[in-house]
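Enquirer: Sharing a structure with you now.
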Amino acid sequence: MVVCGDNIAGEIELDPFIRAFVKILKARGIQGKEVAEWTGRTPGNISRIRNGEDSPRLRDFMLILMAIEKRCPGFFDDFCRQLSGQSRRLTISPEEFVNSLDSSEFAALMIAAGRRLAKGAASYEC
């Protein structure tokens with residue numbers, strides 16, 4: 001069992017997180033060396049995380065997930081669905097989704113949308 005000490009949450013079991021992480025990496029064809037490049041970590045460190053031999057802090061694990069999300073939009077959603085046991089995307093209209101957000105979530109969505117538009121059509125596809 002891989003456990004992670006975190007100042008906020010105490011010790012939590014990371015095994016389900018790592019299993020979901022590895023499954024989505026494999027499903028999307030993302031290599032460890034790509035993750036290492038995107039995160040500034042060594043390929044060996046990413047390999048140890050994937051194999052359950054290294055226990056990143058929860059904050060560090062989230063930074064890894066966000067770095068992948070930046071290059072492969074939708075990765076984090078897929079990871080969360082895998083973690084929660086949902087096998088496919090939930091269907092909700094864009095209007096329902098936007099109306100369900102509080103003001104800070106809506107602001108974050110607008111920032112993310114602006115960044116996505118700024119990238120243009122030449123963004124990396126996963």
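Please note that chains go A, B, ... in the order of the structure tokens, that every chain numbers its residues from 1, and that ligands are numbered from 1 in the order shown.
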Env of Arg50 of chain A: 8 Å cut, atoms = only C-alpha atoms, seq-sep filter 5 positions within chain, self excluded. Answer as a ChimeraX atom specification.

Expert: /A:18,21-22

Enquirer: Do you know which residues are at most 8 Å from segment 36-47 of chain A counting only C-alpha atoms, after dropping those on the same chain fewer than 3 positions away, and could you put them as a list in words?

Expert: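 Once the nearby chain positions are removed, what remains is Gly32, Lys33, Arg50, Asn51, Asp54, Leu63, Ile64, Ala67, Ile68 and Arg71 of chain A.
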
Enquirer: Could you give me, as a PDB file with C-alpha atoms, in the first residue's frame, the residues within 7 Å of segment 73-84 of chain A, counting only C-alpha atoms and dropping anything in the same chain fewer than 4 positions from it?

Expert:
ATOM      1  CA  PRO A  16      -6.550   3.962  -5.936  1.00  0.00           C
ATOM      2  CA  PHE A  17      -5.141   7.266  -7.212  1.00  0.00           C
ATOM      3  CA  ALA A  20      -6.517   5.422 -11.910  1.00  0.00           C
ATOM      4  CA  PHE A  21      -3.522   7.524 -12.995  1.00  0.00           C
ATOM      5  CA  ILE A  24      -5.724   6.809 -17.917  1.00  0.00           C
ATOM      6  CA  LEU A  65      -2.157  15.810 -12.939  1.00  0.00           C
ATOM      7  CA  ILE A  68      -0.791  16.552 -17.944  1.00  0.00           C
ATOM      8  CA  GLU A  69      -4.181  18.274 -18.195  1.00  0.00           C
TER       9      GLU A  69
END

Enquirer: In Å, with one decimal, what is the gap from atom CA of Met66 of chain A to atom CA of Ser100 of chain A?

Expert: 22.6 Å

Enquirer: Find, counting only C-alpha atoms, the residue in A:Leu58, A:Val35, A:Cys72, A:Leu25 that gets nearest to Arg116 of chain A.

Expert: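 That would be A:Cys72, the residue with the smallest distance to Arg116 of chain A.
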
Enquirer: Could you work out how far atom CA of Lys70 of chain A lies from atom CA of Glu105 of chain A, giving the answer in Å with one decimal?

Expert: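 That distance, rounded to one decimal, is 17.6 Å.
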
Enquirer: One number please: atom CA of Arg19 of chain A to atom CA of Gly85 of chain A, in Å, one decimal.

Expert: 11.7 Å
